[in-house]
file final-v7.txt (compact mmCIF, C-alpha atoms)
# COMPACT_ATOMS: atom_id res chain seq x y z
CA MET A 1 -71.10 94.41 2.18
CA ILE A 2 -69.11 92.96 -0.68
CA LYS A 3 -71.30 92.28 -3.67
CA GLY A 4 -70.91 89.33 -5.94
CA THR A 5 -72.83 87.43 -8.52
CA VAL A 6 -72.85 84.03 -10.19
CA LYS A 7 -73.17 82.82 -13.74
CA ILE A 8 -74.73 79.37 -14.06
CA ASP A 9 -74.33 77.28 -17.19
CA GLU A 10 -77.96 76.25 -17.70
CA GLU A 11 -77.10 73.47 -20.10
CA ILE A 12 -74.70 71.63 -17.75
CA CYS A 13 -76.77 72.14 -14.57
CA LYS A 14 -78.62 68.99 -13.51
CA GLY A 15 -80.67 70.67 -10.78
CA CYS A 16 -79.27 68.59 -7.91
CA GLU A 17 -79.95 71.54 -5.54
CA LEU A 18 -76.70 71.11 -3.58
CA CYS A 19 -75.77 74.75 -4.28
CA ILE A 20 -79.18 75.98 -3.10
CA VAL A 21 -78.54 74.48 0.35
CA ALA A 22 -74.88 75.56 0.39
CA CYS A 23 -75.71 79.23 -0.25
CA PRO A 24 -75.72 81.10 3.11
CA GLN A 25 -77.71 83.98 1.58
CA GLY A 26 -80.47 81.89 0.02
CA SER A 27 -79.79 83.55 -3.32
CA LEU A 28 -80.32 80.50 -5.51
CA GLY A 29 -83.46 78.66 -6.53
CA LEU A 30 -84.73 76.19 -9.10
CA SER A 31 -86.01 77.65 -12.33
CA SER A 32 -89.50 76.81 -13.58
CA HIS A 33 -87.97 76.15 -17.01
CA ILE A 34 -86.11 73.04 -18.08
CA ASN A 35 -82.92 72.75 -20.14
CA THR A 36 -82.37 70.58 -23.21
CA HIS A 37 -81.50 67.57 -21.02
CA GLY A 38 -84.81 67.83 -19.19
CA TYR A 39 -83.49 69.15 -15.89
CA ARG A 40 -84.84 72.15 -14.00
CA TYR A 41 -81.74 74.28 -13.68
CA VAL A 42 -80.64 76.57 -10.86
CA GLU A 43 -80.79 80.33 -11.21
CA LEU A 44 -80.14 83.44 -9.13
CA ILE A 45 -83.43 84.47 -7.51
CA LYS A 46 -82.23 87.24 -5.15
CA ASP A 47 -79.78 90.06 -5.57
CA ASN A 48 -77.89 89.45 -2.31
CA CYS A 49 -74.97 87.28 -3.48
CA THR A 50 -71.70 88.02 -1.68
CA GLY A 51 -69.47 85.89 -3.91
CA CYS A 52 -68.53 83.46 -1.12
CA ILE A 53 -68.02 80.62 -3.71
CA ASN A 54 -69.74 77.99 -1.52
CA CYS A 55 -72.18 77.16 -4.33
CA ALA A 56 -69.37 76.71 -6.85
CA ILE A 57 -67.38 74.47 -4.49
CA VAL A 58 -70.25 72.01 -4.01
CA CYS A 59 -71.28 71.99 -7.70
CA PRO A 60 -70.37 68.58 -9.17
CA GLU A 61 -70.65 69.62 -12.82
CA PRO A 62 -69.04 72.38 -12.33
CA ALA A 63 -71.56 74.80 -13.82
CA ILE A 64 -71.04 77.88 -11.63
CA THR A 65 -68.66 80.78 -12.18
CA VAL A 66 -68.49 83.30 -9.33
CA TYR A 67 -67.75 87.01 -9.75
CA ARG A 68 -67.02 89.49 -6.97
CA GLN A 69 -66.61 93.20 -6.63
CA PRO A 70 -62.85 93.93 -6.48
CA LYS A 71 -61.51 95.00 -3.07
CA THR A 72 -59.88 98.12 -4.50
CA THR A 73 -63.31 99.54 -5.43
CA LYS A 74 -64.38 99.20 -1.82
CA SER A 75 -61.43 101.23 -0.53
CA LYS A 76 -62.16 103.98 -3.09
CA VAL A 77 -65.70 104.25 -1.80
CA ALA A 78 -64.51 104.42 1.80
CA MET B 1 -84.21 87.11 -12.77
CA GLU B 2 -82.08 88.90 -15.33
CA ASN B 3 -78.48 88.58 -14.20
CA LYS B 4 -76.08 91.12 -15.65
CA ILE B 5 -72.49 90.89 -14.51
CA PRO B 6 -71.01 94.36 -13.92
CA GLU B 7 -67.81 94.97 -15.86
CA GLU B 8 -65.66 95.79 -12.83
CA PHE B 9 -66.43 92.45 -11.13
CA GLU B 10 -63.57 89.97 -11.16
CA VAL B 11 -63.78 86.20 -11.47
CA VAL B 12 -63.19 84.55 -8.08
CA TYR B 13 -64.08 81.00 -9.03
CA CYS B 14 -64.38 79.26 -12.37
CA LYS B 15 -64.10 75.77 -13.77
CA PRO B 16 -60.42 74.69 -13.69
CA SER B 17 -58.67 74.68 -17.07
CA THR B 18 -57.50 71.12 -16.36
CA LEU B 19 -61.07 69.84 -16.78
CA THR B 20 -62.28 69.24 -20.32
CA ASP B 21 -65.43 70.85 -21.71
CA MET B 22 -67.26 67.54 -21.82
CA PRO B 23 -70.44 67.52 -19.68
CA MET B 24 -70.19 64.93 -16.91
CA HIS B 25 -72.25 61.74 -17.26
CA TYR B 26 -72.60 61.29 -13.50
CA CYS B 27 -76.08 61.36 -11.96
CA PRO B 28 -77.27 64.69 -10.50
CA GLY B 29 -75.56 65.41 -7.18
CA CYS B 30 -72.96 62.64 -7.49
CA GLY B 31 -69.80 63.03 -5.40
CA HIS B 32 -67.60 61.85 -8.28
CA GLY B 33 -68.09 65.16 -10.08
CA ILE B 34 -66.99 67.08 -6.99
CA VAL B 35 -63.87 64.97 -6.45
CA ASN B 36 -62.92 65.15 -10.16
CA LYS B 37 -63.20 68.91 -10.00
CA ILE B 38 -61.25 69.30 -6.74
CA LEU B 39 -58.49 67.00 -7.99
CA MET B 40 -58.10 69.00 -11.18
CA GLU B 41 -58.13 72.26 -9.23
CA VAL B 42 -55.16 71.00 -7.23
CA VAL B 43 -53.36 69.94 -10.43
CA GLU B 44 -53.98 73.42 -11.86
CA GLU B 45 -52.82 75.21 -8.72
CA LEU B 46 -49.62 73.15 -8.41
CA ASN B 47 -49.05 73.64 -12.16
CA ILE B 48 -48.33 69.96 -12.78
CA GLN B 49 -50.80 69.29 -15.60
CA ASP B 50 -48.11 67.97 -17.97
CA LYS B 51 -46.47 65.87 -15.25
CA THR B 52 -49.53 64.13 -13.83
CA ILE B 53 -50.72 60.66 -14.80
CA GLY B 54 -54.01 59.31 -13.52
CA VAL B 55 -55.10 55.69 -13.45
CA ALA B 56 -58.82 54.94 -13.45
CA PRO B 57 -60.15 51.39 -13.27
CA VAL B 58 -63.66 50.05 -13.79
CA GLY B 59 -66.73 51.54 -12.12
CA CYS B 60 -68.30 54.99 -12.22
CA SER B 61 -64.74 56.30 -11.91
CA VAL B 62 -63.90 54.83 -15.33
CA PHE B 63 -64.90 57.91 -17.33
CA ALA B 64 -62.49 60.17 -15.47
CA TYR B 65 -60.35 60.20 -18.62
CA ASN B 66 -63.14 62.06 -20.42
CA TYR B 67 -63.10 64.90 -17.92
CA MET B 68 -59.53 65.20 -16.68
CA ASN B 69 -57.32 66.92 -19.22
CA ILE B 70 -54.18 65.04 -18.17
CA ASP B 71 -52.53 61.76 -19.17
CA MET B 72 -54.82 58.91 -18.13
CA GLN B 73 -54.50 55.15 -18.20
CA GLU B 74 -57.25 52.59 -17.84
CA ALA B 75 -56.68 49.55 -15.66
CA ALA B 76 -58.38 46.20 -15.28
CA HIS B 77 -61.01 46.04 -12.54
CA GLY B 78 -59.30 46.57 -9.18
CA ARG B 79 -55.78 46.73 -10.60
CA ALA B 80 -55.34 50.51 -10.75
CA SER B 81 -52.79 50.59 -7.95
CA ALA B 82 -50.70 47.89 -9.66
CA VAL B 83 -50.75 49.81 -12.96
CA ALA B 84 -49.94 53.04 -11.11
CA THR B 85 -46.98 51.27 -9.48
CA GLY B 86 -45.61 50.36 -12.91
CA ILE B 87 -46.07 53.87 -14.28
CA LYS B 88 -44.42 55.45 -11.24
CA ARG B 89 -41.43 53.09 -11.41
CA VAL B 90 -40.84 53.76 -15.11
CA LEU B 91 -41.46 57.51 -14.83
CA PRO B 92 -40.44 58.44 -11.27
CA ASP B 93 -40.57 62.19 -11.91
CA ARG B 94 -44.31 62.16 -12.70
CA TYR B 95 -47.14 62.61 -10.25
CA VAL B 96 -49.19 59.42 -10.35
CA PHE B 97 -52.56 58.89 -8.74
CA SER B 98 -55.19 56.18 -8.87
CA TYR B 99 -58.87 57.06 -8.66
CA GLN B 100 -60.92 54.08 -7.48
CA GLY B 101 -64.35 53.28 -6.13
CA ASP B 102 -65.17 51.01 -3.21
CA GLY B 103 -66.22 47.96 -5.22
CA ASP B 104 -62.97 48.28 -7.13
CA LEU B 105 -60.48 49.06 -4.40
CA ALA B 106 -62.01 47.18 -1.47
CA ALA B 107 -63.47 44.10 -3.20
CA ILE B 108 -61.94 43.12 -6.50
CA GLY B 109 -58.60 44.81 -5.98
CA THR B 110 -58.09 44.16 -2.27
CA SER B 111 -54.84 42.29 -2.74
CA GLU B 112 -53.35 44.84 -5.17
CA THR B 113 -54.35 47.67 -2.84
CA ILE B 114 -52.86 46.09 0.27
CA HIS B 115 -49.60 45.12 -1.41
CA THR B 116 -49.17 48.50 -3.09
CA VAL B 117 -49.50 50.26 0.25
CA ASN B 118 -47.32 47.66 1.95
CA ARG B 119 -44.54 48.29 -0.56
CA GLY B 120 -44.89 52.00 0.13
CA GLU B 121 -45.18 52.88 -3.55
CA ASN B 122 -44.81 56.60 -4.01
CA ILE B 123 -48.31 57.26 -5.40
CA LEU B 124 -51.55 58.86 -4.31
CA MET B 125 -54.60 56.62 -4.05
CA ILE B 126 -58.02 58.23 -3.99
CA PHE B 127 -60.77 55.97 -2.75
CA ILE B 128 -64.39 57.00 -3.34
CA ASN B 129 -66.49 55.17 -0.78
CA ASN B 130 -70.22 55.30 -1.50
CA ALA B 131 -71.08 51.94 0.11
CA ILE B 132 -72.51 50.48 -3.09
CA TYR B 133 -71.66 49.31 -6.63
CA GLY B 134 -73.09 52.39 -8.34
CA MET B 135 -72.46 51.73 -12.02
CA THR B 136 -73.91 48.23 -12.24
CA GLY B 137 -77.19 49.02 -10.50
CA GLY B 138 -76.64 49.38 -6.78
CA GLN B 139 -75.42 45.96 -5.67
CA MET B 140 -73.93 45.33 -2.23
CA ALA B 141 -70.26 46.23 -1.83
CA PRO B 142 -67.89 45.25 1.02
CA THR B 143 -68.36 48.76 2.43
CA THR B 144 -72.18 48.52 2.51
CA LEU B 145 -73.52 49.31 5.99
CA ILE B 146 -75.34 46.82 8.21
CA GLY B 147 -79.05 46.93 7.40
CA GLN B 148 -78.54 48.88 4.17
CA VAL B 149 -80.92 47.80 1.44
CA THR B 150 -79.30 47.22 -1.95
CA SER B 151 -80.44 45.27 -5.00
CA THR B 152 -78.51 42.19 -3.80
CA SER B 153 -79.42 42.61 -0.11
CA PRO B 154 -83.14 43.44 -0.37
CA TYR B 155 -83.75 42.77 3.35
CA GLY B 156 -80.71 44.77 4.44
CA ARG B 157 -77.14 43.57 4.96
CA GLU B 158 -76.86 41.01 7.76
CA ALA B 159 -73.57 40.71 9.62
CA ALA B 160 -74.17 37.02 10.41
CA ALA B 161 -74.41 36.02 6.75
CA ILE B 162 -72.28 38.57 4.93
CA GLY B 163 -70.03 40.15 7.53
CA ASN B 164 -69.45 43.69 8.65
CA PRO B 165 -68.52 46.69 6.50
CA LEU B 166 -64.86 46.50 5.51
CA LYS B 167 -62.92 49.44 6.90
CA ILE B 168 -60.07 49.12 4.45
CA THR B 169 -58.68 52.58 5.19
CA ASP B 170 -58.19 51.67 8.87
CA MET B 171 -56.47 48.47 7.77
CA LEU B 172 -54.12 50.25 5.39
CA ALA B 173 -53.19 52.82 8.03
CA GLN B 174 -51.53 49.99 10.01
CA LEU B 175 -49.10 49.20 7.20
CA PRO B 176 -45.60 50.68 7.48
CA GLY B 177 -45.57 51.70 3.79
CA ALA B 178 -48.46 54.12 4.23
CA TYR B 179 -47.24 57.66 4.82
CA TYR B 180 -50.43 59.70 4.95
CA VAL B 181 -53.87 58.13 5.38
CA SER B 182 -56.91 60.32 5.74
CA ARG B 183 -60.68 60.16 5.46
CA HIS B 184 -62.70 63.05 4.06
CA SER B 185 -66.18 63.76 2.79
CA ILE B 186 -68.02 65.88 0.26
CA HIS B 187 -71.20 66.63 2.22
CA THR B 188 -70.53 70.36 2.82
CA SER B 189 -68.39 73.06 1.26
CA ASN B 190 -66.06 73.06 4.29
CA ALA B 191 -65.54 69.31 4.03
CA ILE B 192 -64.64 69.78 0.34
CA ARG B 193 -62.14 72.51 1.26
CA LYS B 194 -60.48 70.09 3.71
CA LEU B 195 -60.38 67.39 1.02
CA LYS B 196 -58.64 69.81 -1.31
CA LYS B 197 -55.99 70.57 1.32
CA ALA B 198 -55.40 66.84 1.85
CA ILE B 199 -54.96 66.22 -1.90
CA THR B 200 -52.55 69.16 -2.16
CA LYS B 201 -50.54 67.79 0.78
CA SER B 202 -50.44 64.33 -0.81
CA PHE B 203 -49.00 65.64 -4.08
CA GLU B 204 -46.37 67.52 -2.08
CA TYR B 205 -45.44 64.36 -0.18
CA GLN B 206 -45.22 62.52 -3.49
CA LYS B 207 -42.76 65.14 -4.74
CA GLU B 208 -40.62 64.47 -1.66
CA LYS B 209 -40.88 60.68 -2.31
CA LYS B 210 -42.32 59.93 1.13
CA GLY B 211 -44.50 56.90 0.45
CA THR B 212 -48.08 55.97 -0.30
CA CYS B 213 -50.71 58.60 0.38
CA PHE B 214 -54.24 57.26 0.72
CA ILE B 215 -57.33 59.45 0.81
CA GLU B 216 -60.77 57.97 1.37
CA VAL B 217 -63.67 60.16 0.33
CA VAL B 218 -67.00 59.27 1.94
CA SER B 219 -69.30 59.97 -0.98
CA ASN B 220 -72.90 59.50 -2.02
CA CYS B 221 -74.80 57.56 -4.66
CA PRO B 222 -78.25 59.16 -5.00
CA SER B 223 -79.34 56.75 -7.76
CA GLY B 224 -78.09 53.61 -6.00
CA TRP B 225 -79.46 54.65 -2.63
CA LYS B 226 -82.78 55.71 -4.24
CA MET B 227 -82.65 59.19 -2.73
CA THR B 228 -82.52 62.81 -3.85
CA PRO B 229 -79.03 64.37 -3.70
CA LEU B 230 -79.99 66.38 -0.60
CA GLU B 231 -81.37 63.32 1.20
CA SER B 232 -78.20 61.41 0.32
CA MET B 233 -76.01 64.12 1.90
CA LYS B 234 -78.07 63.86 5.11
CA TRP B 235 -77.82 60.07 4.96
CA ILE B 236 -74.02 60.35 4.78
CA GLU B 237 -74.01 62.38 7.99
CA GLU B 238 -76.47 60.18 9.85
CA HIS B 239 -75.40 56.70 8.76
CA MET B 240 -71.96 56.74 7.13
CA PHE B 241 -70.06 58.89 9.65
CA PRO B 242 -70.66 56.60 12.67
CA ILE B 243 -68.98 53.76 10.73
CA TYR B 244 -66.52 55.87 8.72
CA PRO B 245 -65.52 58.78 10.99
CA LEU B 246 -63.69 61.62 9.27
CA GLY B 247 -60.15 62.65 10.07
CA ASP B 248 -56.52 61.69 9.63
CA LEU B 249 -55.81 58.03 10.38
CA LYS B 250 -52.07 58.29 9.87
CA ILE B 251 -50.09 61.47 9.67
CA PRO B 252 -46.34 61.78 9.10
CA LYS B 253 -44.26 61.39 12.28
CA GLU B 254 -42.53 64.74 11.80
CA GLU B 255 -45.86 66.56 11.79
CA SER B 256 -47.30 64.69 14.75
CA LYS B 257 -44.25 65.72 16.84
CA VAL B 258 -44.80 69.34 15.93
CA THR B 259 -48.46 69.18 16.90
CA LYS B 260 -47.66 67.59 20.28
CA GLU B 261 -45.13 70.26 21.18
CA ASN B 262 -47.24 73.10 19.82
CA PRO B 263 -50.86 72.10 20.15
CA ASN B 264 -51.93 75.42 18.68
call {"tool": "encode", "arguments": {"input": "final-v7.txt", "output": "structure tokens"}}
result
Amino acid sequence: MIKGTVKIDEEICKGCELCIVACPQGSLGLSSHINTHGYRYVELIKDNCTGCINCAIVCPEPAITVYRQPKTTKSKVA
Amino acid sequence: MENKIPEEFEVVYCKPSTLTDMPMHYCPGCGHGIVNKILMEVVEELNIQDKTIGVAPVGCSVFAYNYMNIDMQEAAHGRASAVATGIKRVLPDRYVFSYQGDGDLAAIGTSETIHTVNRGENILMIFINNAIYGMTGGQMAPTTLIGQVTSTSPYGREAAAIGNPLKITDMLAQLPGAYYVSRHSIHTSNAIRKLKKAITKSFEYQKEKKGTCFIEVVSNCPSGWKMTPLESMKWIEEHMFPIYPLGDLKIPKEESKVTKENPN
């Protein structure tokens, strides 16, 4: 399975939770901490991200950058 | 959880360079942020940042000039399409779009909107329909649904006293000047992908000088509706879609012929 990961800008995130619902893997969750604007921000809670970019597409801020394992690496492994 | 990004990973999605670094003032989960972002992604992908002029009138859409790193012009309330007409006629080689809300486009600027589309001005009009006046505190708009509680219709909108929701997109699709009229939403990632395709298509039509392209975006207003962002997305599906069904209302004749002959 292709592995990916996300980087979330904690200061811009307003914790609207749209990305949490959009994620097919259930990788995202609300943090127990708050940012300087007083919002509970979203963070990666599981290591099963596939880099499908659904979370980043629905993010209104946009606070999410998505990274993915390059396809060439996969062919080397195979 | 500590999140370290491995060095070999490549960026597959990041904030478009056509958006400024300013944090958005919109409420959490607001559809405006999504549409701003998608619009600027299209501008980045078509590489027309220096040739695009946006017109934003009054409403929550007014601060678009803070976020979109392109030439922007403010317009009086409801008059964005008239200002966009002027800009497009003086600078016909630019890509001009107006970015309006429902109180602006369907109430205060109804006449400007109808006449701009009737003249077939070669611009793109983006209409954010969230069934409420969001910025001023959630008052009733022409697009408010029957029975919807707002601060100026505390017992719900009654058709007998105030009339039915104004389907302005359906009206505009009847006009000969309209070239491409479509209704989209922002409630899921797939719907947003479709919206992006429609905006890309509209800019391409504008390049070919085809006529007015009109895109309605069925959006949410969590603060005005007194809901959480997730509840508001569900509310869109349950209550807005029966009145404002998604899909193309008017597609170019050339394309409709192709689809009839080759349904696949």
call {"tool": "atom_distance", "arguments": {"input": "final-v7.txt", "atom1": "CA of Pro70 in chain A", "atom2": "CA of Asp47 in chain A"}}
result
17.4 Å
call {"tool": "closest_residue", "arguments": {"input": "final-v7.txt", "among": "A:Cys19, A:Val42, A:Ile12, A:Ile2", "to": "chain B", "atoms": "all atoms listed in the file"}}
result
A:Ile12
call {"tool": "residues_around", "arguments": {"input": "final-v7.txt", "residues": "Tyr95 in chain B", "least_positions_apart": "2", "cutoff": "7 Å", "atoms": "all atoms listed in the file", "output": "number ranges by chain"}}
result
B: 51-53, 93, 97
call {"tool": "residues_around", "arguments": {"input": "final-v7.txt", "residues": "range 115-119 of chain B", "least_positions_apart": "4", "cutoff": "10 Å", "atoms": "all atoms listed in the file", "output": "MDAnalysis selection string"}}
result
chainID B and resid 81:82 84:85 110:111 123:125 172:179 211:214
call {"tool": "interface_residues", "arguments": {"input": "final-v7.txt", "of": "chain B", "to": "chain A", "cutoff": "6 Å", "atoms": "only C-alpha atoms", "output": "MDAnalysis selection string"}}
result
chainID B and resid 1 9:14 28:29 33:34 189 229
call {"tool": "closest_residue", "arguments": {"input": "final-v7.txt", "among": "B:Ser202, B:Gly120, B:Glu41, B:Leu19", "to": "Asp71 in chain B", "atoms": "all atoms listed in the file"}}
result
B:Leu19
call {"tool": "atom_distance", "arguments": {"input": "final-v7.txt", "atom1": "CA of Ala160 in chain B", "atom2": "CA of Val218 in chain B"}}
result
24.9 Å
call {"tool": "atom_distance", "arguments": {"input": "final-v7.txt", "atom1": "CA of Pro245 in chain B", "atom2": "CA of Glu231 in chain B"}}
result
19.2 Å
call {"tool": "axis_aligned_box", "arguments": {"input": "final-v7.txt", "around": "range 33-51 of chain A", "padding_each_side": "5 Å", "output": "lines of an AutoDock Vina configuration file"}}
result
center_x = -78.7
center_y = 78.8
center_z = -12.4
size_x = 28.5
size_y = 32.5
size_z = 31.5
call {"tool": "closest_residue", "arguments": {"input": "final-v7.txt", "among": "A:Asp9, A:Thr50, A:His37, A:Ser27", "to": "His25 in chain B", "atoms": "all atoms listed in the file"}}
result
A:His37
call {"tool": "build_atoms", "arguments": {"input": "final-v7.txt", "residues": "range 1-23 of chain A", "atoms": "N, CA and C atoms", "output": "PDB file, keeping the file's coordinate frame"}}
result
ATOM      1  N   MET A   1     -71.238  95.837   2.454  1.00  0.00           N
ATOM      2  CA  MET A   1     -71.100  94.410   2.180  1.00  0.00           C
ATOM      3  C   MET A   1     -70.578  94.188   0.760  1.00  0.00           C
ATOM      4  N   ILE A   2     -69.668  93.238   0.638  1.00  0.00           N
ATOM      5  CA  ILE A   2     -69.110  92.960  -0.680  1.00  0.00           C
ATOM      6  C   ILE A   2     -70.190  92.332  -1.562  1.00  0.00           C
ATOM      7  N   LYS A   3     -70.288  92.820  -2.762  1.00  0.00           N
ATOM      8  CA  LYS A   3     -71.300  92.280  -3.670  1.00  0.00           C
ATOM      9  C   LYS A   3     -70.657  91.314  -4.657  1.00  0.00           C
ATOM     10  N   GLY A   4     -71.396  90.282  -4.955  1.00  0.00           N
ATOM     11  CA  GLY A   4     -70.910  89.330  -5.940  1.00  0.00           C
ATOM     12  C   GLY A   4     -72.064  88.866  -6.795  1.00  0.00           C
ATOM     13  N   THR A   5     -71.759  88.030  -7.724  1.00  0.00           N
ATOM     14  CA  THR A   5     -72.830  87.430  -8.520  1.00  0.00           C
ATOM     15  C   THR A   5     -72.329  86.118  -9.111  1.00  0.00           C
ATOM     16  N   VAL A   6     -73.246  85.313  -9.602  1.00  0.00           N
ATOM     17  CA  VAL A   6     -72.850  84.030 -10.190  1.00  0.00           C
ATOM     18  C   VAL A   6     -73.406  83.914 -11.595  1.00  0.00           C
ATOM     19  N   LYS A   7     -72.676  83.154 -12.407  1.00  0.00           N
ATOM     20  CA  LYS A   7     -73.170  82.820 -13.740  1.00  0.00           C
ATOM     21  C   LYS A   7     -73.300  81.305 -13.778  1.00  0.00           C
ATOM     22  N   ILE A   8     -74.502  80.819 -14.071  1.00  0.00           N
ATOM     23  CA  ILE A   8     -74.730  79.370 -14.060  1.00  0.00           C
ATOM     24  C   ILE A   8     -74.946  78.884 -15.478  1.00  0.00           C
ATOM     25  N   ASP A   9     -74.185  77.878 -15.852  1.00  0.00           N
ATOM     26  CA  ASP A   9     -74.330  77.280 -17.190  1.00  0.00           C
ATOM     27  C   ASP A   9     -75.593  76.407 -17.179  1.00  0.00           C
ATOM     28  N   GLU A  10     -76.659  76.937 -17.767  1.00  0.00           N
ATOM     29  CA  GLU A  10     -77.960  76.250 -17.700  1.00  0.00           C
ATOM     30  C   GLU A  10     -77.932  74.883 -18.356  1.00  0.00           C
ATOM     31  N   GLU A  11     -77.099  74.732 -19.366  1.00  0.00           N
ATOM     32  CA  GLU A  11     -77.100  73.470 -20.100  1.00  0.00           C
ATOM     33  C   GLU A  11     -76.391  72.349 -19.349  1.00  0.00           C
ATOM     34  N   ILE A  12     -75.408  72.687 -18.494  1.00  0.00           N
ATOM     35  CA  ILE A  12     -74.700  71.630 -17.750  1.00  0.00           C
ATOM     36  C   ILE A  12     -75.405  71.328 -16.442  1.00  0.00           C
ATOM     37  N   CYS A  13     -76.133  72.309 -15.886  1.00  0.00           N
ATOM     38  CA  CYS A  13     -76.770  72.140 -14.570  1.00  0.00           C
ATOM     39  C   CYS A  13     -77.769  70.993 -14.614  1.00  0.00           C
ATOM     40  N   LYS A  14     -77.687  70.119 -13.580  1.00  0.00           N
ATOM     41  CA  LYS A  14     -78.620  68.990 -13.510  1.00  0.00           C
ATOM     42  C   LYS A  14     -79.649  69.189 -12.404  1.00  0.00           C
ATOM     43  N   GLY A  15     -79.656  70.355 -11.797  1.00  0.00           N
ATOM     44  CA  GLY A  15     -80.670  70.670 -10.780  1.00  0.00           C
ATOM     45  C   GLY A  15     -80.603  69.789  -9.550  1.00  0.00           C
ATOM     46  N   CYS A  16     -79.382  69.459  -9.092  1.00  0.00           N
ATOM     47  CA  CYS A  16     -79.270  68.590  -7.910  1.00  0.00           C
ATOM     48  C   CYS A  16     -79.547  69.348  -6.619  1.00  0.00           C
ATOM     49  N   GLU A  17     -79.578  70.663  -6.665  1.00  0.00           N
ATOM     50  CA  GLU A  17     -79.950  71.540  -5.540  1.00  0.00           C
ATOM     51  C   GLU A  17     -78.904  71.603  -4.432  1.00  0.00           C
ATOM     52  N   LEU A  18     -77.717  71.034  -4.635  1.00  0.00           N
ATOM     53  CA  LEU A  18     -76.700  71.110  -3.580  1.00  0.00           C
ATOM     54  C   LEU A  18     -76.283  72.559  -3.341  1.00  0.00           C
ATOM     55  N   CYS A  19     -76.200  73.351  -4.424  1.00  0.00           N
ATOM     56  CA  CYS A  19     -75.770  74.750  -4.280  1.00  0.00           C
ATOM     57  C   CYS A  19     -76.827  75.570  -3.551  1.00  0.00           C
ATOM     58  N   ILE A  20     -78.106  75.224  -3.741  1.00  0.00           N
ATOM     59  CA  ILE A  20     -79.180  75.980  -3.100  1.00  0.00           C
ATOM     60  C   ILE A  20     -79.049  75.890  -1.588  1.00  0.00           C
ATOM     61  N   VAL A  21     -78.705  74.696  -1.086  1.00  0.00           N
ATOM     62  CA  VAL A  21     -78.540  74.480   0.350  1.00  0.00           C
ATOM     63  C   VAL A  21     -77.232  75.099   0.836  1.00  0.00           C
ATOM     64  N   ALA A  22     -76.197  75.062  -0.027  1.00  0.00           N
ATOM     65  CA  ALA A  22     -74.880  75.560   0.390  1.00  0.00           C
ATOM     66  C   ALA A  22     -74.848  77.073   0.486  1.00  0.00           C
ATOM     67  N   CYS A  23     -75.751  77.762  -0.211  1.00  0.00           N
ATOM     68  CA  CYS A  23     -75.710  79.230  -0.250  1.00  0.00           C
ATOM     69  C   CYS A  23     -76.184  79.815   1.085  1.00  0.00           C
TER      70      CYS A  23
END
